[in-house]
$ cat start-v8.txt   # compact mmCIF, C-alpha atoms
# COMPACT_ATOMS: atom_id res chain seq x y z
CA MET A 27 95.50 89.01 68.26
CA LYS A 28 97.94 86.15 68.68
CA PRO A 29 97.63 84.10 71.89
CA VAL A 30 100.34 84.56 74.52
CA SER A 31 101.69 82.09 77.07
CA LEU A 32 101.26 82.71 80.79
CA GLY A 33 104.51 82.10 82.61
CA GLN A 34 105.67 78.51 82.40
CA SER A 35 102.09 77.21 82.49
CA PRO A 36 100.37 75.52 79.53
CA LEU A 37 97.79 78.34 79.40
CA ARG A 38 97.62 80.45 76.25
CA VAL A 39 95.37 83.49 76.29
CA THR A 40 94.46 86.53 74.26
CA PRO A 41 96.50 89.67 75.04
CA ILE A 42 93.24 91.34 76.08
CA CYS A 43 91.23 89.91 78.99
CA LEU A 44 87.64 90.76 79.88
CA GLY A 45 87.40 91.92 83.48
CA THR A 46 83.98 91.41 85.04
CA MET A 47 83.85 93.17 88.40
CA THR A 48 81.03 95.46 87.23
CA PHE A 49 78.73 92.47 86.67
CA GLY A 50 76.15 92.35 89.43
CA GLU A 51 76.41 96.02 90.42
CA GLN A 52 76.61 98.41 87.46
CA VAL A 53 75.77 95.68 84.96
CA ASP A 54 72.74 93.37 85.21
CA GLN A 55 72.86 89.73 84.13
CA ALA A 56 71.27 90.21 80.71
CA THR A 57 73.73 92.97 79.78
CA ALA A 58 76.63 90.99 81.20
CA HIS A 59 75.74 88.02 78.99
CA ARG A 60 75.60 90.28 75.93
CA ILE A 61 79.06 91.62 76.80
CA LEU A 62 80.41 88.09 77.25
CA ASP A 63 78.89 86.98 73.94
CA ARG A 64 80.39 89.97 72.14
CA SER A 65 83.78 89.36 73.74
CA LEU A 66 83.89 85.84 72.30
CA GLU A 67 82.60 87.09 68.95
CA ARG A 68 85.50 89.58 68.83
CA GLY A 69 88.02 86.85 69.67
CA VAL A 70 88.64 87.58 73.37
CA ASP A 71 88.25 84.30 75.24
CA PHE A 72 90.09 85.19 78.48
CA ILE A 73 87.79 86.15 81.39
CA ASP A 74 88.83 87.32 84.86
CA THR A 75 86.64 87.46 87.95
CA ALA A 76 86.88 86.99 91.75
CA GLU A 77 84.90 85.54 94.63
CA MET A 78 84.42 88.99 96.22
CA TYR A 79 82.96 90.67 93.09
CA ALA A 80 80.86 92.75 92.30
CA VAL A 81 82.64 96.02 93.08
CA PRO A 82 82.30 98.11 95.14
CA ALA A 83 82.28 95.22 97.56
CA ARG A 84 79.07 94.67 99.49
CA ALA A 85 77.81 91.62 101.37
CA GLU A 86 74.71 91.61 99.17
CA THR A 87 76.67 91.28 95.93
CA CYS A 88 79.55 89.08 97.07
CA GLY A 89 79.78 86.21 94.59
CA ALA A 90 77.27 87.80 92.21
CA THR A 91 79.75 88.16 89.36
CA GLU A 92 80.79 84.51 89.43
CA THR A 93 77.12 83.52 89.55
CA ILE A 94 76.34 85.58 86.45
CA ILE A 95 79.24 83.99 84.57
CA GLY A 96 78.18 80.53 85.74
CA ASN A 97 74.66 81.14 84.44
CA TRP A 98 76.18 82.18 81.09
CA PHE A 99 78.07 78.90 80.89
CA ALA A 100 74.97 76.92 81.87
CA GLY A 101 72.89 78.57 79.16
CA THR A 102 74.95 77.21 76.26
CA PRO A 103 76.42 73.68 76.25
CA GLY A 104 80.10 73.66 75.33
CA LEU A 105 80.58 77.36 76.06
CA ARG A 106 82.85 76.75 79.05
CA GLN A 107 85.36 74.93 76.84
CA LYS A 108 85.78 78.03 74.67
CA VAL A 109 86.98 80.21 77.56
CA VAL A 110 90.13 80.56 79.66
CA LEU A 111 88.65 81.30 83.07
CA ALA A 112 90.48 83.11 85.88
CA THR A 113 89.17 83.87 89.34
CA LYS A 114 90.61 84.82 92.72
CA VAL A 115 90.48 83.93 96.39
CA ALA A 116 90.29 87.01 98.61
CA GLY A 117 93.08 87.65 101.09
CA PRO A 118 92.50 88.58 104.75
CA SER A 119 89.57 90.92 105.34
CA ARG A 120 89.92 94.50 104.12
CA GLY A 121 86.64 95.64 105.66
CA MET A 122 84.79 92.66 104.18
CA PRO A 123 84.08 90.38 107.16
CA TRP A 124 81.24 88.71 105.24
CA ILE A 125 83.78 86.70 103.23
CA ARG A 126 85.63 84.78 105.95
CA GLY A 127 85.40 86.97 109.02
CA ASP A 128 87.91 89.48 110.32
CA GLN A 129 90.47 86.93 111.52
CA SER A 130 91.15 85.11 108.25
CA GLY A 131 94.79 84.32 107.66
CA LEU A 132 94.20 82.63 104.29
CA THR A 133 94.79 79.15 105.66
CA LYS A 134 94.95 76.03 103.52
CA ALA A 135 91.38 75.13 104.48
CA GLU A 136 90.14 78.62 103.60
CA ILE A 137 91.77 78.53 100.17
CA VAL A 138 90.30 75.11 99.37
CA GLN A 139 86.86 76.13 100.65
CA ALA A 140 86.96 79.37 98.63
CA CYS A 141 87.83 77.44 95.47
CA GLU A 142 84.93 75.05 96.03
CA GLY A 143 82.59 78.02 96.37
CA SER A 144 83.85 79.58 93.15
CA LEU A 145 83.47 76.31 91.27
CA ARG A 146 79.83 76.06 92.40
CA ARG A 147 78.97 79.63 91.45
CA LEU A 148 80.79 79.37 88.12
CA GLN A 149 79.09 76.03 87.40
CA THR A 150 82.34 74.46 86.23
CA ASP A 151 84.63 71.62 87.27
CA VAL A 152 87.89 73.48 86.84
CA ILE A 153 89.36 76.97 87.10
CA ASP A 154 92.08 77.63 84.54
CA LEU A 155 93.92 80.29 86.57
CA TYR A 156 93.34 80.56 90.33
CA GLN A 157 94.87 83.67 91.91
CA ILE A 158 95.45 84.99 95.42
CA HIS A 159 93.71 88.38 95.27
CA TRP A 160 96.08 90.12 97.68
CA PRO A 161 98.83 88.92 100.02
CA ALA A 162 97.95 87.21 103.27
CA ARG A 163 100.88 88.96 104.95
CA ASN A 164 101.04 92.66 105.77
CA VAL A 165 102.18 94.66 102.73
CA PRO A 166 101.77 98.25 101.54
CA ALA A 167 99.05 97.92 98.90
CA PHE A 168 95.94 99.59 97.49
CA GLY A 169 97.36 103.07 97.90
CA ALA A 170 99.59 102.52 100.92
CA VAL A 171 103.17 103.47 100.08
CA TYR A 172 105.21 102.53 103.14
CA PHE A 173 105.68 99.17 104.84
CA ASP A 174 104.69 99.25 108.54
CA PRO A 175 105.92 96.18 110.48
CA THR A 176 103.68 97.05 113.45
CA LYS A 177 100.71 95.91 111.33
CA ASP A 178 101.98 92.35 111.00
CA LYS A 179 99.46 89.65 111.98
CA ASP A 180 99.47 85.88 112.01
CA CYS A 181 98.70 84.41 108.62
CA ALA A 182 99.40 81.35 106.53
CA SER A 183 102.95 81.22 105.22
CA ILE A 184 103.65 81.34 101.50
CA HIS A 185 104.65 77.69 101.73
CA VAL A 186 101.27 76.75 103.21
CA GLN A 187 99.42 78.74 100.57
CA LEU A 188 101.36 76.91 97.86
CA GLU A 189 100.50 73.58 99.49
CA ALA A 190 96.81 74.50 99.31
CA MET A 191 97.16 75.40 95.64
CA SER A 192 99.00 72.12 95.05
CA GLU A 193 96.11 70.20 96.56
CA LEU A 194 93.69 71.94 94.18
CA VAL A 195 95.91 71.31 91.15
CA LYS A 196 96.34 67.62 92.02
CA ALA A 197 92.57 67.31 92.42
CA GLY A 198 92.08 68.68 88.90
CA LYS A 199 90.15 71.70 90.16
CA VAL A 200 92.79 74.27 89.12
CA ARG A 201 95.09 74.24 86.10
CA ALA A 202 97.51 77.07 86.96
CA ILE A 203 97.99 79.56 89.80
CA GLY A 204 98.73 83.23 90.06
CA LEU A 205 99.07 86.21 92.38
CA SER A 206 97.57 89.67 92.49
CA ASN A 207 98.59 92.98 94.09
CA GLU A 208 101.96 91.40 94.92
CA THR A 209 105.39 92.84 95.59
CA PRO A 210 108.79 91.85 94.15
CA TYR A 211 109.57 90.02 97.39
CA GLY A 212 106.30 88.11 97.26
CA VAL A 213 106.65 87.00 93.65
CA HIS A 214 110.23 85.89 94.27
CA GLU A 215 109.31 83.92 97.40
CA PHE A 216 106.40 82.14 95.73
CA VAL A 217 108.69 81.07 92.88
CA ARG A 218 111.60 80.13 95.15
CA LEU A 219 109.53 78.01 97.52
CA ALA A 220 107.66 76.32 94.67
CA GLU A 221 110.91 75.29 93.05
CA GLN A 222 112.47 74.25 96.37
CA HIS A 223 109.54 72.04 97.43
CA GLY A 224 108.20 70.82 94.09
CA LEU A 225 104.97 72.82 94.38
CA PRO A 226 103.00 74.61 91.63
CA ARG A 227 104.82 77.60 90.19
CA VAL A 228 102.94 80.88 89.89
CA ALA A 229 102.31 81.77 86.25
CA THR A 230 101.04 85.32 86.66
CA VAL A 231 100.81 88.41 88.81
CA GLN A 232 97.79 90.67 88.33
CA ASN A 233 98.72 94.21 89.36
CA PRO A 234 97.58 97.73 88.48
CA TYR A 235 99.42 99.16 85.51
CA CYS A 236 98.43 102.32 83.67
CA LEU A 237 99.65 105.82 82.86
CA ILE A 238 98.90 107.13 86.37
CA ASN A 239 100.26 104.05 88.15
CA ARG A 240 103.43 102.57 86.71
CA ALA A 241 104.73 101.38 90.09
CA TYR A 242 105.13 97.91 88.58
CA GLU A 243 108.20 99.27 86.82
CA ASN A 244 109.91 99.96 90.15
CA GLY A 245 111.51 96.52 90.40
CA LEU A 246 108.60 94.13 89.95
CA ASP A 247 109.09 94.14 86.19
CA GLU A 248 112.63 92.83 86.62
CA THR A 249 111.50 90.21 89.14
CA CYS A 250 108.77 88.93 86.84
CA HIS A 251 111.02 88.96 83.79
CA ARG A 252 113.73 86.91 85.50
CA THR A 253 111.32 84.46 87.15
CA GLU A 254 109.14 84.10 84.03
CA VAL A 255 105.98 85.31 85.71
CA SER A 256 103.56 87.10 83.36
CA LEU A 257 101.88 90.42 84.14
CA LEU A 258 98.12 90.75 83.87
CA ALA A 259 97.62 94.52 83.89
CA TYR A 260 94.45 95.75 85.57
CA SER A 261 92.90 99.23 85.56
CA PRO A 262 94.56 100.31 82.27
CA LEU A 263 92.08 103.22 82.18
CA GLY A 264 92.77 104.26 85.77
CA PHE A 265 89.22 103.54 86.98
CA GLY A 266 87.92 105.75 84.17
CA LEU A 267 90.15 108.77 84.80
CA LEU A 268 92.07 108.05 81.60
CA THR A 269 88.93 108.05 79.44
CA GLY A 270 88.55 111.82 79.79
CA LYS A 271 84.98 111.58 81.08
CA TYR A 272 85.87 113.33 84.33
CA ASP A 273 88.08 116.05 82.83
CA ASP A 274 85.38 118.75 82.84
CA THR A 275 83.07 117.64 85.64
CA GLY A 276 85.45 116.17 88.18
CA LEU A 277 84.47 113.04 90.11
CA VAL A 278 80.79 113.93 90.37
CA GLY A 279 77.60 113.12 88.48
CA ASP A 280 75.75 109.93 87.68
CA HIS A 281 78.07 108.14 85.26
CA GLY A 282 81.14 106.04 86.03
CA ARG A 283 82.01 104.26 89.23
CA MET A 284 84.18 107.11 90.51
CA ALA A 285 81.21 109.46 90.41
CA LEU A 286 78.66 106.91 91.60
CA PHE A 287 80.45 105.41 94.60
CA GLU A 288 81.99 107.37 97.45
CA SER A 289 84.01 104.30 98.47
CA MET A 290 85.77 104.48 95.08
CA ARG A 291 86.60 108.18 95.47
CA LYS A 292 88.30 107.47 98.80
CA GLN A 293 90.81 105.18 97.09
CA ARG A 294 94.05 106.06 95.28
CA TRP A 295 92.20 106.72 92.02
CA GLY A 296 90.22 109.47 93.74
CA ARG A 297 93.22 111.54 94.77
CA PRO A 298 93.25 115.07 93.32
CA GLU A 299 96.73 114.35 91.98
CA SER A 300 95.45 111.29 90.12
CA LEU A 301 92.80 113.27 88.24
CA ALA A 302 95.15 116.20 87.58
CA THR A 303 97.76 113.91 86.08
CA ALA A 304 95.17 111.95 84.10
CA LYS A 305 94.04 115.23 82.55
CA ARG A 306 97.60 115.83 81.33
CA TYR A 307 97.68 112.46 79.59
CA ASN A 308 94.19 113.00 78.18
CA THR A 309 95.25 116.34 76.74
CA LEU A 310 98.35 114.72 75.26
CA ALA A 311 96.18 112.11 73.55
CA ARG A 312 93.96 114.73 71.94
CA GLU A 313 96.97 116.73 70.77
CA HIS A 314 98.09 113.62 68.85
CA GLY A 315 94.70 112.88 67.30
CA LEU A 316 93.79 110.09 69.71
CA THR A 317 91.05 109.66 72.28
CA PRO A 318 92.27 109.44 75.89
CA SER A 319 91.16 105.80 76.00
CA GLN A 320 93.14 104.95 72.88
CA LEU A 321 96.31 106.41 74.36
CA ALA A 322 95.91 104.68 77.72
CA LEU A 323 95.01 101.29 76.27
CA ALA A 324 97.68 101.34 73.56
CA PHE A 325 100.26 102.13 76.24
CA CYS A 326 99.40 98.81 77.94
CA TYR A 327 98.58 96.75 74.86
CA ARG A 328 101.97 97.34 73.24
CA ASN A 329 104.11 97.30 76.39
CA TRP A 330 106.67 94.48 76.58
CA ARG A 331 105.91 94.08 80.28
CA VAL A 332 102.26 93.15 79.76
CA ALA A 333 101.10 89.67 78.78
CA SER A 334 97.40 90.51 78.86
CA THR A 335 95.53 93.74 79.65
CA ILE A 336 92.32 93.42 81.68
CA ILE A 337 89.55 95.73 80.47
CA GLY A 338 86.38 96.40 82.44
CA VAL A 339 83.25 97.68 80.70
CA THR A 340 79.58 98.33 81.39
CA SER A 341 78.24 98.04 77.83
CA VAL A 342 78.87 96.35 74.51
CA ALA A 343 79.73 99.76 73.04
CA GLN A 344 82.47 100.27 75.63
CA LEU A 345 83.80 96.79 74.92
CA ASP A 346 84.02 97.51 71.19
CA GLU A 347 85.78 100.81 71.85
CA CYS A 348 88.40 99.10 74.02
CA LEU A 349 88.95 96.30 71.52
CA ASP A 350 89.22 98.70 68.58
CA ALA A 351 92.11 100.42 70.37
CA TRP A 352 94.20 97.28 69.75
CA ASP A 353 95.16 98.69 66.34
CA VAL A 354 96.58 101.94 67.76
CA GLN A 355 100.37 102.29 67.63
CA LEU A 356 102.19 104.93 69.70
CA SER A 357 105.11 106.71 68.06
CA PRO A 358 108.51 107.05 69.78
CA GLU A 359 107.81 110.78 70.04
CA LEU A 360 104.52 110.16 71.86
CA LEU A 361 106.08 107.57 74.16
CA GLY A 362 108.75 110.12 75.01
CA ALA A 363 106.07 112.69 75.87
CA ILE A 364 104.37 110.13 78.10
CA ASP A 365 107.64 109.50 79.94
CA LYS A 366 108.15 113.24 80.40
CA ILE A 367 104.80 113.56 82.18
CA ARG A 368 105.59 110.51 84.27
CA TRP A 369 108.95 111.99 85.32
CA GLU A 370 107.21 115.13 86.52
CA ALA A 371 104.09 113.60 88.08
CA ARG A 372 105.38 110.13 89.00
CA ASP A 373 102.66 107.64 90.00
CA PRO A 374 99.89 109.55 91.78
CA ALA A 375 97.56 106.51 91.86
CA GLN A 376 100.20 104.16 93.29

$ encode --input "start-v8.txt" --output "structure tokens"
Amino acid sequence: MKPVSLGQSPLRVTPICLGTMTFGEQVDQATAHRILDRSLERGVDFIDTAEMYAVPARAETCGATETIIGNWFAGTPGLRQKVVLATKVAGPSRGMPWIRGDQSGLTKAEIVQACEGSLRRLQTDVIDLYQIHWPARNVPAFGAVYFDPTKDKDCASIHVQLEAMSELVKAGKVRAIGLSNETPYGVHEFVRLAEQHGLPRVATVQNPYCLINRAYENGLDETCHRTEVSLLAYSPLGFGLLTGKYDDTGLVGDHGRMALFESMRKQRWGRPESLATAKRYNTLAREHGLTPSQLALAFCYRNWRVASTIIGVTSVAQLDECLDAWDVQLSPELLGAIDKIRWEARDPAQ
């Protein structure tokens, strides 16, 4: 895997990124450290986390993932220098008042304080890529489709958020900045205001992108292409729906987060339409001699829109399976069949 550049930043990363939100909930520290070790051994040195992890979000596990990663760094001198580390500051409360209360507007002080907390838990002096986990302003996200202006609340402006990021960059605590779960408008405004006021320019946007959610292609791909903002694609396996493990049983049982956690089933990935459409893609994969995971991952890995694909695993075996899929190439015929299903089913997990 050849390293890729992130936006106009100096960061160069592997085109596969290890997502870590299972660490501290489904994955204990010892297993997490084995996964991290194996990731480096296989050549993947890009790690993504967030202050609110583990997932599903609970007050008891908030910050646990960063702590586990920090302990991994502390256990081996020089290990931190081998990794490109990304983390995120949570936006205003989405039912998580334990982070900054219900009235957070993602102020400058809150962003700086959140970064300091992440640095402590991660046991590092600098974060390579610091991202805003979701917009401070009211936007349709996480399954909401329509914008509702009646839900607008006071929050820090994009300009103020950029000023906070600038303070962190100048202090040497952050190398580059990014966004997550953003819209075309948001990406454009962050870039425009940064250029207008001489503030740090966002390098990335981390959004969902997979076979059952290609909403990124509805305008955000053009925005990012023209503003030179790189896509970090999360949930390439559609929260496990695109692995095929739920095809026969449905979202029940004792394996996989969708079966284990009711809060997960209530989200966009738990819609009946999401599973029904995932089954169509999974069947298509098998008809072409591939596993469902190979099809779903190869779709992201080889897509011109994606700079790096974020994979989340709960075991070393799962990690190896995801990394082995890097060698899979999808034929024009198969890509056409994928587009045919998308035309009929659209984006059920949007």

$ closest_atom_pairs --input "start-v8.txt" --of "segment 166-276 of chain A" --to "segment 64-83 of chain A" --cutoff "12 Å" --atoms "only C-alpha atoms" --output "tab-separated table"
residue	atom	partner	partner_atom	distance
A:Gly204	CA	A:Asp74	CA	11.9
A:Ser206	CA	A:Ala76	CA	11.0
A:Gln232	CA	A:Asp74	CA	10.2
A:Leu258	CA	A:Asp74	CA	10.0
A:Ala259	CA	A:Asp74	CA	11.4
A:Tyr260	CA	A:Asp74	CA	10.2
A:Phe265	CA	A:Val81	CA	11.7

$ residues_near_point --input "start-v8.txt" --point "(80.5, 86.5, 88.1)" --cutoff "12 Å" --atoms "only C-alpha atoms" --output "mmCIF file with C-alpha atoms, in the coordinates of the input"
data_model
loop_
_atom_site.group_PDB
_atom_site.id
_atom_site.type_symbol
_atom_site.label_atom_id
_atom_site.label_comp_id
_atom_site.auth_asym_id
_atom_site.auth_seq_id
_atom_site.Cartn_x
_atom_site.Cartn_y
_atom_site.Cartn_z
ATOM 1 C CA LEU A 44 87.640 90.760 79.880
ATOM 2 C CA GLY A 45 87.400 91.920 83.480
ATOM 3 C CA THR A 46 83.980 91.410 85.040
ATOM 4 C CA MET A 47 83.850 93.170 88.400
ATOM 5 C CA THR A 48 81.030 95.460 87.230
ATOM 6 C CA PHE A 49 78.730 92.470 86.670
ATOM 7 C CA GLY A 50 76.150 92.350 89.430
ATOM 8 C CA GLU A 51 76.410 96.020 90.420
ATOM 9 C CA VAL A 53 75.770 95.680 84.960
ATOM 10 C CA ASP A 54 72.740 93.370 85.210
ATOM 11 C CA GLN A 55 72.860 89.730 84.130
ATOM 12 C CA ALA A 58 76.630 90.990 81.200
ATOM 13 C CA HIS A 59 75.740 88.020 78.990
ATOM 14 C CA LEU A 62 80.410 88.090 77.250
ATOM 15 C CA ILE A 73 87.790 86.150 81.390
ATOM 16 C CA ASP A 74 88.830 87.320 84.860
ATOM 17 C CA THR A 75 86.640 87.460 87.950
ATOM 18 C CA ALA A 76 86.880 86.990 91.750
ATOM 19 C CA GLU A 77 84.900 85.540 94.630
ATOM 20 C CA MET A 78 84.420 88.990 96.220
ATOM 21 C CA TYR A 79 82.960 90.670 93.090
ATOM 22 C CA ALA A 80 80.860 92.750 92.300
ATOM 23 C CA VAL A 81 82.640 96.020 93.080
ATOM 24 C CA THR A 87 76.670 91.280 95.930
ATOM 25 C CA CYS A 88 79.550 89.080 97.070
ATOM 26 C CA GLY A 89 79.780 86.210 94.590
ATOM 27 C CA ALA A 90 77.270 87.800 92.210
ATOM 28 C CA THR A 91 79.750 88.160 89.360
ATOM 29 C CA GLU A 92 80.790 84.510 89.430
ATOM 30 C CA THR A 93 77.120 83.520 89.550
ATOM 31 C CA ILE A 94 76.340 85.580 86.450
ATOM 32 C CA ILE A 95 79.240 83.990 84.570
ATOM 33 C CA GLY A 96 78.180 80.530 85.740
ATOM 34 C CA ASN A 97 74.660 81.140 84.440
ATOM 35 C CA TRP A 98 76.180 82.180 81.090
ATOM 36 C CA PHE A 99 78.070 78.900 80.890
ATOM 37 C CA LEU A 111 88.650 81.300 83.070
ATOM 38 C CA ALA A 112 90.480 83.110 85.880
ATOM 39 C CA THR A 113 89.170 83.870 89.340
ATOM 40 C CA LYS A 114 90.610 84.820 92.720
ATOM 41 C CA SER A 144 83.850 79.580 93.150
ATOM 42 C CA LEU A 145 83.470 76.310 91.270
ATOM 43 C CA ARG A 146 79.830 76.060 92.400
ATOM 44 C CA ARG A 147 78.970 79.630 91.450
ATOM 45 C CA LEU A 148 80.790 79.370 88.120
ATOM 46 C CA GLN A 149 79.090 76.030 87.400
#

$ atom_distance --input "start-v8.txt" --atom1 "atom CA of Ala190 of chain A" --atom2 "atom CA of Arg227 of chain A"
12.5 Å

$ residues_around --input "start-v8.txt" --residues "segment 306-315 of chain A" --least-positions-apart "4" --cutoff "9 Å" --atoms "all atoms listed in the file" --output "number ranges by chain"
A: 237-238, 267-270, 273, 301-302, 319-322, 360, 363-364, 367

$ closest_residue --input "start-v8.txt" --among "A:Gln187, A:Arg38, A:Gln52, A:Ala241" --to "His281 of chain A" --atoms "all atoms listed in the file"
A:Gln52

$ atom_distance --input "start-v8.txt" --atom1 "atom CA of Pro374 of chain A" --atom2 "atom CA of Ile42 of chain A"
24.9 Å

$ residues_near_point --input "start-v8.txt" --point "(96.7, 100.6, 71.3)" --cutoff "6 Å" --atoms "all atoms listed in the file" --output "list in words"
Gln320, Leu323, Ala324, Tyr327, Ala351, Trp352, Asp353, Val354 and Gln355 of chain A

$ atom_distance --input "start-v8.txt" --atom1 "atom CA of Met191 of chain A" --atom2 "atom CA of Ser130 of chain A"
17.0 Å

$ residues_around --input "start-v8.txt" --residues "Val217 of chain A" --least-positions-apart "3" --cutoff "9 Å" --atoms "all atoms listed in the file" --output "number ranges by chain"
A: 212-214, 220-222, 226-228, 253, 255

$ write_last_selection --input "start-v8.txt" --atoms "C-alpha atoms" --output "PDB file, keeping the file's coordinate frame"
ATOM      1  CA  GLY A 212     106.300  88.110  97.260  1.00  0.00           C
ATOM      2  CA  VAL A 213     106.650  87.000  93.650  1.00  0.00           C
ATOM      3  CA  HIS A 214     110.230  85.890  94.270  1.00  0.00           C
ATOM      4  CA  ALA A 220     107.660  76.320  94.670  1.00  0.00           C
ATOM      5  CA  GLU A 221     110.910  75.290  93.050  1.00  0.00           C
ATOM      6  CA  GLN A 222     112.470  74.250  96.370  1.00  0.00           C
ATOM      7  CA  PRO A 226     103.000  74.610  91.630  1.00  0.00           C
ATOM      8  CA  ARG A 227     104.820  77.600  90.190  1.00  0.00           C
ATOM      9  CA  VAL A 228     102.940  80.880  89.890  1.00  0.00           C
ATOM     10  CA  THR A 253     111.320  84.460  87.150  1.00  0.00           C
ATOM     11  CA  VAL A 255     105.980  85.310  85.710  1.00  0.00           C
TER      12      VAL A 255
END

$ closest_residue --input "start-v8.txt" --among "A:Tyr242, A:Tyr156, A:Phe287, A:Trp295" --to "Ala140 of chain A" --atoms "all atoms listed in the file"
A:Tyr156

$ residues_around --input "start-v8.txt" --residues "Pro161 of chain A" --least-positions-apart "6" --cutoff "9 Å" --atoms "all atoms listed in the file" --output "NGL selection string"
:A and (116-118 or 132 or 205-209 or 212)

$ axis_aligned_box --input "start-v8.txt" --around "segment 343-356 of chain A" --padding-each-side "8 Å" --output "lines of an AutoDock Vina configuration file"
center_x = 91.0
center_y = 100.6
center_z = 71.0
size_x = 38.5
size_y = 24.6
size_z = 25.3

$ decode --input "start-v8.txt" --residues "segment 116-122 of chain A" --atoms "all heavy atoms" --output "tab-separated table (two decimals), in the first residue's frame"
chain	number	residue	atom	x	y	z
A	116	ALA	N	-16.08	15.75	20.29
A	116	ALA	CA	-17.52	15.56	20.08
A	116	ALA	C	-18.22	16.90	19.89
A	116	ALA	O	-17.85	17.91	20.50
A	116	ALA	CB	-18.13	14.82	21.26
A	117	GLY	N	-19.24	16.90	19.04
A	117	GLY	CA	-20.07	18.08	18.86
A	117	GLY	C	-21.05	18.22	20.02
A	117	GLY	O	-20.93	17.52	21.03
A	118	PRO	N	-22.04	19.09	19.89
A	118	PRO	CA	-23.05	19.25	20.94
A	118	PRO	C	-23.72	17.92	21.28
A	118	PRO	O	-23.80	17.02	20.45
A	118	PRO	CB	-24.05	20.23	20.30
A	118	PRO	CG	-23.22	21.02	19.35
A	118	PRO	CD	-22.23	20.04	18.79
A	119	SER	N	-24.18	17.81	22.50
A	119	SER	CA	-24.69	16.54	23.03
A	119	SER	C	-25.77	15.93	22.15
A	119	SER	O	-26.74	16.58	21.75
A	119	SER	CB	-25.26	16.75	24.44
A	119	SER	OG	-25.77	15.53	24.94
A	120	ARG	N	-25.58	14.65	21.84
A	120	ARG	CA	-26.60	13.82	21.18
A	120	ARG	C	-26.99	12.72	22.16
A	120	ARG	O	-26.78	11.56	21.94
A	120	ARG	CB	-26.06	13.22	19.89
A	120	ARG	CG	-25.67	14.22	18.82
A	120	ARG	CD	-25.07	13.57	17.60
A	120	ARG	NE	-25.92	12.52	17.07
A	120	ARG	CZ	-25.61	11.21	17.08
A	120	ARG	NH1	-24.47	10.80	17.62
A	120	ARG	NH2	-26.42	10.31	16.58
A	121	GLY	N	-27.57	13.16	23.31
A	121	GLY	CA	-27.91	12.20	24.35
A	121	GLY	C	-26.72	11.75	25.15
A	121	GLY	O	-26.74	10.68	25.77
A	122	MET	N	-25.64	12.55	25.16
A	122	MET	CA	-24.44	12.21	25.92
A	122	MET	C	-24.04	13.39	26.81
A	122	MET	O	-22.99	14.01	26.64
A	122	MET	CB	-23.30	11.86	24.96
A	122	MET	CG	-23.50	10.57	24.19
A	122	MET	SD	-22.22	10.26	22.95
A	122	MET	CE	-22.75	11.38	21.64
